[in-house]
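Notes to accompany the following structure.
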Amino acid sequence: MKSVKSVDDISMRARILSVAALAVAVLPLAAQRGQPPRYQLTDQDRQAIRGKLTELDALIRTLKSQRDAGDDLVADVDIHAKAGRWLLEFPQDVALQDDVANAIKVLDRGLERAKQLQGGRAPWIHQKGIVPLGFYSALDGSVQPLLLTIPEAYDGAAPRRLDVWLHGRAQRLVESNFICYDPSPANLQGGARLYTNPQGSCLSPTPAPSTTGVRNAGQFQLEVFARGNNANHWAGEVDVFEAIAAVQRRFAIDPTRIVLRGFSLGGAGAWHLALHYPDRWAAAEIGAGTWPRRYLMADTFPEYQRPTLRIWENMTEWALNAFNLPLAAHDGDRDPQVASIPPPPAGAATRGQLESSIRIREQLAKEGFPSDGEPSELTARGTPALFLISADTGHGTSPTVRQRLDAFLDEWTTAGPRSPDHVRFLTYTTRYNKSFWVSLEGLGQHYERAEVDALRDEARRSYRLTTTNVTRLVLREMERAEEIRIDGRTLRVRAGREVALERSAAGWRVAPSATWAGLHKTHGLQGPVDDAFLDPFLLVRPTGTPWNAAVNQMALERLQRFDQAYALNYRAHPRIKVDTDVDAADFARYNVALFGDPGSNRWIARLLGRLPVRWSRERLAVGGRTFEAAAHLPVLVYPNPLAPGRYVVLNSGLTIAEASYRSDYSMPTLGDVAVLGLDGPAGAPAIRFAGFFDESWKIRH
């Protein structure tokens, strides 16, 4: 892969086709099935919502002034105001008139909670069964909801298991419908579910097909809103871990017994979170989920889009990470759902979303772990992975398989804490770089397969490792370590909490320092541009006089479009400050995206000369290419010279296409660096230059 590619006239055909396919995939079901048009908010609806929201917002302002910032109890109230506020801002989210009724009910409950909290009481946290709670997201400062099933027998005396449920696609999945619930005994059994029944009433939640008969064995069950229908990518990924942390702050949760569960769209998200974070879960249950195929079509994409297809679009190639993860994959043998994005070719044999587990199982066989057992229940030899098929079942789970899944999860969550002596792990990016006591901190080449096979003896004194495409490793739990044999080289080591290893032309050595000297692509600092928005971020709007007004205007339009798309799809307006209000503390706290040019944005001017671009009023130079500054805008992500460990971004939010925010896989459309021309259509500027930095954050000419 070349680091940077000149793309003067690269066709956008592949990108357009990909986005079009995703747009079809996320069309509202009503549009796909020819159902009646969506309900339109009336003036009376707006007045009713706004009246209650005004009262509730006033109470929340008072509560925030009286309590600590980020107070979870205030968040429990604030989620109700958010539900009403977002329906007013985005009325296109309203599908049925019942959605308005649900919002009114939610606002009424918010008012009740606000008044209780003003009086020093929060009775909802002592309820049992399904309870809507909230948390303030560090990612963007927004308040986000979750649903928690609190076991009837919970008394706080002992930590309990937590099952994390990733929801399937629900066309009416907005905050007000999500947190509208029925506390009747029938509903308190828990389990992931649809949040409103087909008629729209939130008073009778209907169990999702995937979870009918789910048994609650006394565990907590967390249903993650995760910003809507996005298969837990970007903000939807971050929300899973922030929601878990929010529950752990309040309740006694056993961190070694956290289970990941998902079906359909939630299955797609679960494949991503299970195989990218194999050590975060005691076990994973994954039902259905689409199979991403676009990495197999890489030659139809511009060269600057191809590498990042190896992050999420090739989840089958990450199958080896099931080596240390008790994973149970399943679906019905008659699943009629679309198997993949894009769909298989017309006439191609497909078993619907059962294909996802079939592909993972087949890949494990290629990795050296063939399957044993009956066709309906197969295990991958040498791994804890289990593959089940529900007979005579569509997009769902049979009672027989449901029983087997529950038994599998019970087995692994009662086995006790695990730190395996044998770790197998692969990655294509240092964003996802850890499994138990092994972390891959540096790669020889990003977006190419990097792998470690690490084995230690029972006494944890002797270690044997083989690696592929790895340049730096950190090994933990090394308090008794004496010797490491890595890729044929033997190293004597000093025991300690962790040991860092580096590879040079001479081979592996113990790193002289725990920190890696110089600029390197490493965890959380490896790009692409979009990666900056997986950690807390801040957008900075310019206030000065631009060098080139048209270029500055383009930057402002990109900021505005990102704000609007993010708010609609990821349920939050990003933090935005003007450049005159930004200080050093902001750079230390956030990945900072600066918009404008060196004339309009004082921080771009301050960083000029410390970023890999040369920029004057007349010329813009990137990667050995020179452009007219009056007609071109640079976009890049780079380690922030003013804040070690943080990114600085120029003139970009997420680069994913707006149509893919609510899709199963949201592909970055740029790499690490690009130059945009002013002559492209709105929202799709001409890409004059685009590519990736090398592993030392340098542009190769």
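Numbering starts fresh at 1 for the residues of each chain in the structure tokens, the chains themselves are lettered A, B, ... in the order given, and ligands are numbered from 1 as they appear.
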
*Filtered DSSP result for range 431-632 of chain A, state strand (DSSP E), as a PyMOL selection string*: chain A and resi 434-435+438-443+450-456+462-468+470-478+483-486+489-492+496-504+507-510+537-541+576-578+591-594+614-615+619-622+625-628+632

Which residues of range 205-312 of chain A come within 7 Å of range 523-537 of chain A, and what is each one's closest atom pair and distance in Å (one decimal), counting only C-alpha atoms, sorted by chain and residue number, as a Markdown table?
| residue | atom | partner | partner_atom | distance |
| --- | --- | --- | --- | --- |
| A:Trp234 | CA | A:Leu534 | CA | 5.9 |
| A:Ala235 | CA | A:Leu534 | CA | 6.7 |
| A:Val238 | CA | A:Leu534 | CA | 6.7 |

*Can you list, as a ChimeraX atom specification, all residues belonging to range 172-374 of chain A that DSSP tags as helix (DSSP H, G or I)?*
/A:175-179,185-189,209-211,235-250,265-276,294-300,303-305,307-310,315-324,352-366

*Just the residues within 6 Å of range 373-377 of chain A, please, counting only C-alpha atoms, with nothing from its chain fewer than 3 positions along; format it as a VMD selection string.*
chain A and resid 387 to 389

Next, write the just-selected residues to a file, as a PDB file, in the first residue's frame, keeping C-alpha atoms as the atom set.
ATOM      1  CA  PHE A 387     -22.091 -22.715  16.232  1.00  0.00           C
ATOM      2  CA  LEU A 388     -25.800 -23.508  16.435  1.00  0.00           C
ATOM      3  CA  ILE A 389     -28.620 -23.643  13.877  1.00  0.00           C
TER       4      ILE A 389
END

Show me, as CSV, the residues of range 312-356 of chain A having an atom within 10 Å of range 250-273 of chain A, each with the closest atom pair and its distance in Å, using only C-alpha atoms.
residue,atom,partner,partner_atom,distance
A:Trp312,CA,A:His272,CA,6.9
A:Glu313,CA,A:His272,CA,9.5
A:Asn314,CA,A:His272,CA,9.8
A:Met315,CA,A:His272,CA,6.9
A:Thr316,CA,A:Trp271,CA,9.0
A:Trp318,CA,A:His272,CA,9.1
A:Ala319,CA,A:Trp271,CA,9.3
A:Pro326,CA,A:Val259,CA,9.9
A:Leu327,CA,A:Leu260,CA,9.3
A:Ala328,CA,A:Arg261,CA,9.5
A:Ala329,CA,A:Gly267,CA,9.0
A:His330,CA,A:Phe263,CA,9.0
A:Asp331,CA,A:Phe263,CA,8.6
A:Gln337,CA,A:Ser264,CA,9.0
A:Gln353,CA,A:Ser264,CA,7.6
A:Leu354,CA,A:Ser264,CA,9.8
A:Ser356,CA,A:Ala268,CA,8.6

Would you save the residues of that selection, restricted to C-alpha atoms, as a PDB file, in the first residue's frame?
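Okay, this is what ended up in part07.pdb:
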ATOM      1  CA  TRP A 312     -14.906  -3.538   9.871  1.00  0.00           C
ATOM      2  CA  GLU A 313     -15.774  -4.745   6.396  1.00  0.00           C
ATOM      3  CA  ASN A 314     -13.796  -8.003   6.754  1.00  0.00           C
ATOM      4  CA  MET A 315     -15.009  -9.308  10.109  1.00  0.00           C
ATOM      5  CA  THR A 316     -14.684 -12.871   8.859  1.00  0.00           C
ATOM      6  CA  TRP A 318     -10.888 -11.458  12.376  1.00  0.00           C
ATOM      7  CA  ALA A 319     -12.271 -14.917  13.275  1.00  0.00           C
ATOM      8  CA  PRO A 326     -16.283 -18.266  24.417  1.00  0.00           C
ATOM      9  CA  LEU A 327     -18.511 -17.381  21.487  1.00  0.00           C
ATOM     10  CA  ALA A 328     -21.856 -18.936  20.555  1.00  0.00           C
ATOM     11  CA  ALA A 329     -23.095 -17.988  17.084  1.00  0.00           C
ATOM     12  CA  HIS A 330     -26.531 -18.921  15.785  1.00  0.00           C
ATOM     13  CA  ASP A 331     -29.522 -18.218  13.547  1.00  0.00           C
ATOM     14  CA  GLN A 337     -32.945 -11.623   5.606  1.00  0.00           C
ATOM     15  CA  GLN A 353     -27.955 -13.903   8.022  1.00  0.00           C
ATOM     16  CA  LEU A 354     -27.009 -17.419   9.088  1.00  0.00           C
ATOM     17  CA  SER A 356     -22.345 -14.660   9.175  1.00  0.00           C
TER      18      SER A 356
END

Which residues are close to Val510 in chain A, i.e. within 9 Å by only C-alpha atoms, leaving aside same-chain residues fewer than 6 positions away? Reply as an mmCIF file with N, CA and C atoms, in the first residue's frame.
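The result, stored in part27.cif:
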data_model
loop_
_atom_site.group_PDB
_atom_site.id
_atom_site.type_symbol
_atom_site.label_atom_id
_atom_site.label_comp_id
_atom_site.auth_asym_id
_atom_site.auth_seq_id
_atom_site.Cartn_x
_atom_site.Cartn_y
_atom_site.Cartn_z
ATOM 1 N N LEU A 491 15.409 -13.494 24.907
ATOM 2 C CA LEU A 491 15.672 -12.281 25.677
ATOM 3 C C LEU A 491 15.533 -12.583 27.162
ATOM 4 N N ARG A 492 16.491 -12.141 27.955
ATOM 5 C CA ARG A 492 16.359 -12.187 29.406
ATOM 6 C C ARG A 492 15.680 -10.896 29.849
ATOM 7 N N VAL A 493 14.699 -11.013 30.729
ATOM 8 C CA VAL A 493 13.920 -9.832 31.111
ATOM 9 C C VAL A 493 13.877 -9.703 32.622
ATOM 10 N N VAL A 499 6.261 -5.645 30.400
ATOM 11 C CA VAL A 499 7.508 -5.585 29.646
ATOM 12 C C VAL A 499 7.171 -5.138 28.234
ATOM 13 N N ALA A 500 7.907 -4.160 27.732
ATOM 14 C CA ALA A 500 7.736 -3.687 26.358
ATOM 15 C C ALA A 500 8.869 -4.223 25.496
ATOM 16 N N LEU A 501 8.527 -4.676 24.305
ATOM 17 C CA LEU A 501 9.499 -5.208 23.354
ATOM 18 C C LEU A 501 9.408 -4.418 22.056
ATOM 19 N N GLU A 502 10.563 -4.158 21.435
ATOM 20 C CA GLU A 502 10.622 -3.452 20.163
ATOM 21 C C GLU A 502 11.407 -4.275 19.152
ATOM 22 N N ARG A 503 11.005 -4.175 17.889
ATOM 23 C CA ARG A 503 11.729 -4.863 16.827
ATOM 24 C C ARG A 503 12.409 -3.852 15.923
#

_When you count only C-alpha atoms, which of these residues is closest to Val578 in chain A: A:Gly416, A:Gly444, A:Gly596, A:Pro132?_
A:Gly596

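With only C-alpha atoms as the atoms that count, the residue of A:Phe425, A:Tyr136, A:Trp437, A:Trp291 with the shortest distance to Thr350 in chain A is A:Trp291.
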
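Between CA of Glu618 in chain A and CA of Asn548 in chain A lies a distance of 9.0 Å.
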